Amino acid sequence: MSHIEIQELRFTYPSRNAPTLRGISASIAPGDFVLLTGPTGCGKSTLLRTMNGLIPYASAGTLSGAVRLNGKNVAEQPLAATCRQVALLFQDPDRQLFCTLVEDEIAFGLENLGLPPEKIKNRVALALKQVRLPGFQARRILELSGGEKQRVALAAICAMQPQVLLLDEPTSYLDPSATRDILTIVKQLNTELGITVILATHRTRDVAPLCNRVWLMHEGQLCLDLPKAAAFRELTPYYRLGVQVPQTENASIGEFAKRANEKLNVPSRNDASPQSPMLDIRSLSFKYPNTDKHALKSIACTVTRGEIIAIMGANGSGKTTLVHLIAGLLRPSAGEIAVAGTALKRMKLHQLAGKVGIVFQNPDLLLQAETVRDEVAFGPKNLKFPPKTRDTRVNVTLTQFDLGNLASEAPYALSRGQRQRVAVAATFSLHPHLFLLDEPTTGQDAQHLHQLMDELCDEIRRENKSLIFATHDAELTLKYADRVLLLREGELIFDGTPDVAFAAPELLQQASLVFGENRAV
Amino acid sequence: MASIEKGKLAVDNTKLEPRTKILMMLISGCLVILLDSPSALLVCFVASLVLVALSKPTLRQIRLLLVFLFFTTWGLIYSQAIFYNESPRTVLLTLVPAELPFIGKATGGIRVYREGLFHGIVQSLRFNTTLVIGCFIVWSTQPRDLLLALVQLRVPGTLAFMVTTALHFIPVIANETAAVIRSQRLRGFRYLRLNLLAAIRGTLNSFRPILAGNIRHATHLGESVESRGFSPDTANQRTSLRTLKMGIWDFSLLAVLSCCLMCIVGLKMLYFCYANGIYYASWLRHAYTFTRELL
């Protein structure tokens, strides 16, 4: 069993003047389950990396203080030795898996430890059993769902039989059902094998019921370190930092929806006056090349001006495919999509500029200019707006999205939240009729996300445009969407108001959107 | 965007061992450098195509290979035909007469030379043979087997890992490049437009997110493997769940290729000695003729 002692830990990345960790001291007893939370950029990931030795071994910077594992300073022992005791699971399974077969992926760490093949085989089988994927040895990783991939990644580190498990936002790419699976497995590893768990997340609500200790970080410091029983008595620090707080009572999602609507006075679809459709989808089907299965089957719906629509569903249900089809990035196998009365199939991609705008799940794919101002001006420049109009539009957009003071900064030098804001502003500067947002919650804390959504929804409503966003986040849907489209295995199973959707548990079950029966702490 | 294009798992229908494939590529690389005759190079090229055919590539892979082959062949033949600078050279066609104002006067005329065309064909056959074998290896070998084969061939562990990781990144880069280009076009950017300077600037700008994305991917992957105990210092002490075993086909193929290589090296050396007046034997006359005409 491992005892971890963190003493006055400070770390500064080479490219930054301010330290990312500012004198963290804490202690973790063997078998503890620590929930590590805090706003984006507060240093959660950096802290986890110092705990398994990636900092300082794999990352340059200035480190002082110590992380002691059973009395030994992690920074003074070889990384390979620390890895035997402390394992780290990252947030995006696609970025940490690199083998073709499940068995090879799990065996990789064991081969590095120099174990004989027979032992490797046994450990692979055991690890797969632990993550509830027995018999998956010969499966191809490409064919697994997002949740299964993350379970394989977890198996790959569990096979090394660590004493401490560090998890960095392990569920941010997963739907509620896959999230529940991962968290249940982690809890089981914690209780049955006594593995110490430190889980960094923004989804406090999902993890709080499982942990026994809570760490709240802010600007590189541990501003709260309490046992769970005491951690949520006073919620002000969480609200102040914009961190999600767990439910303190056992409320149904339906009630939550009702309360959310009352509180925010969100106009429901019934209140909206009939208008011309902004988006018209008819009998839309789509199949990826070299696959037999339809990614989308006979989707039909319309979106009117001023509407804000959420697309929800499990991983692999077709949300991103639908968003990409609407943006014209994919061509339908059958059916038609029309934006503002014009069929997409008759248009080239550059002709859609100003009609449809999309921000990908990874906003960095949009950022190509040297400064934030150039990034926002890129679209208007391409559409040859007169210089005066262009400048006015760029300035207004920068102000609208609170980027005025960052206008001369390089987009890549900004934080993840700021980069997403720049990507949204750069897309918005063309004032598209239809704005598409793919999984805006990934890697974002509640405060940054809600701030961005508030600004975007305000602008969309003011200019009578439409917004469609794909998400797993029920709270986001309840707060911002007028309508929700529920997808299940490529089929549209519900098209209506969020309060109706969230009041029907069987519907949510079908769409794999139920996290658990009891989510209260 | 990674989910848009589902990659295809490398399936080896030829049942050749990865070490055989790597050695085969090295031997054929030497062969195409040694050979000068278009007919001999054509035989090598056709043999490499047969190899790809035996691995049963998908339609997409065939299309991709054809695109590669078209552009390399066209590029090499075209450039060699125009810029061939050896003597003698025979003008086949004049593209820009020397008397033409500006371009003609500045360049001294642009012409297509017969010897340049011939040289371009030879070079493209050389290049295409290795390209086809490279594609065959990548398409028919799982990265893990390739890593193991490289390590067993005494390639330093870190280098072997870098090679296999680079292969892993090819589809990732392709998908991200497509996403960046599409997002630029959706913001009104046109790659093919009259303002060449703006088009070049936009194209160069598109490298920024691709490069940054790749650095991020590489960092994440590096952290992932390092946190699973991979270390350059101990890479050669790793054990392996899989074992590679050469079969009769592997040994036979390597033996045939090695014999070919040794024979060609021997014949070329003899011919070199004869041509430079170093050594001549009349009973080797047929060998000299064979080398001159066919190799």
# chains A, B, ... in the order shown; residues from 1 in each chain; ligands from 1

call {"tool": "interface_residues", "arguments": {"of": "chain A", "to": "chain B", "cutoff": "8 Å", "atoms": "only C-alpha atoms", "output": "ChimeraX atom specification"}}
result
/A:52,54,58,79-81,83-84,87-88,90,95-100,104,107-109,111-118,120-121,140,142,157,288-289,321,329,349-354,356-358,364-369,378-379,382-383,427,430

call {"tool": "select_by_dssp", "arguments": {"residues": "stretch 43-286 of chain A", "states": "strand (DSSP E)", "output": "ChimeraX atom specification"}}
result
/A:62-69,72-73,86-89,164-168,196-200,213-218,221-227,277-286

call {"tool": "residues_around", "arguments": {"residues": "B:Ser79", "least_positions_apart": "6", "cutoff": "12 Å", "atoms": "only C-alpha atoms", "output": "list in words"}}
result
Phe71, Thr72, Thr73, Asn85, Ile110, Arg111, Val112, Tyr113, Gly116, Leu117, Phe118, His119, Gly120, Ile121, Gln123 and Ser124 of chain B

call {"tool": "write_last_selection", "arguments": {"atoms": "N, CA and C atoms", "output": "short mmCIF file (atom, residue, chain, number, x, y, z; two decimals), in the first residue's frame"}}
result
data_model
loop_
_atom_site.label_atom_id
_atom_site.label_comp_id
_atom_site.auth_asym_id
_atom_site.auth_seq_id
_atom_site.Cartn_x
_atom_site.Cartn_y
_atom_site.Cartn_z
N PHE B 71 1.94 10.66 -59.86
CA PHE B 71 2.65 11.92 -59.62
C PHE B 71 4.16 11.75 -59.62
N THR B 72 4.67 10.65 -59.07
CA THR B 72 6.14 10.48 -59.08
C THR B 72 6.63 10.24 -60.51
N THR B 73 5.89 9.40 -61.26
CA THR B 73 6.31 9.11 -62.63
C THR B 73 6.26 10.39 -63.48
N ASN B 85 20.82 17.56 -68.69
CA ASN B 85 21.94 18.46 -68.98
C ASN B 85 23.17 17.72 -69.53
N ILE B 110 12.94 26.34 -73.78
CA ILE B 110 12.63 25.14 -72.98
C ILE B 110 12.29 24.02 -73.96
N ARG B 111 13.05 22.91 -73.84
CA ARG B 111 12.86 21.80 -74.78
C ARG B 111 12.74 20.46 -74.05
N VAL B 112 12.12 19.53 -74.75
CA VAL B 112 12.03 18.16 -74.22
C VAL B 112 13.09 17.33 -74.96
N TYR B 113 13.95 16.66 -74.15
CA TYR B 113 15.04 15.87 -74.75
C TYR B 113 14.73 14.38 -74.65
N GLY B 116 16.66 12.70 -71.92
CA GLY B 116 16.10 13.09 -70.63
C GLY B 116 14.87 12.26 -70.29
N LEU B 117 14.05 12.04 -71.33
CA LEU B 117 12.85 11.20 -71.14
C LEU B 117 13.26 9.79 -70.68
N PHE B 118 14.25 9.26 -71.36
CA PHE B 118 14.74 7.92 -71.05
C PHE B 118 15.27 7.87 -69.61
N HIS B 119 16.06 8.88 -69.27
CA HIS B 119 16.63 8.95 -67.93
C HIS B 119 15.50 9.08 -66.87
N GLY B 120 14.48 9.87 -67.21
CA GLY B 120 13.33 10.05 -66.31
C GLY B 120 12.60 8.73 -66.07
N ILE B 121 12.47 7.94 -67.15
CA ILE B 121 11.79 6.64 -67.01
C ILE B 121 12.60 5.73 -66.07
N GLN B 123 14.72 6.63 -63.73
CA GLN B 123 14.64 7.14 -62.35
C GLN B 123 13.28 6.85 -61.73
N SER B 124 12.21 7.00 -62.52
CA SER B 124 10.88 6.77 -61.95
C SER B 124 10.67 5.29 -61.63
#

call {"tool": "atom_distance", "arguments": {"atom1": "atom CA of A:Thr441", "atom2": "atom CA of A:Phe11"}}
result
27.5 Å
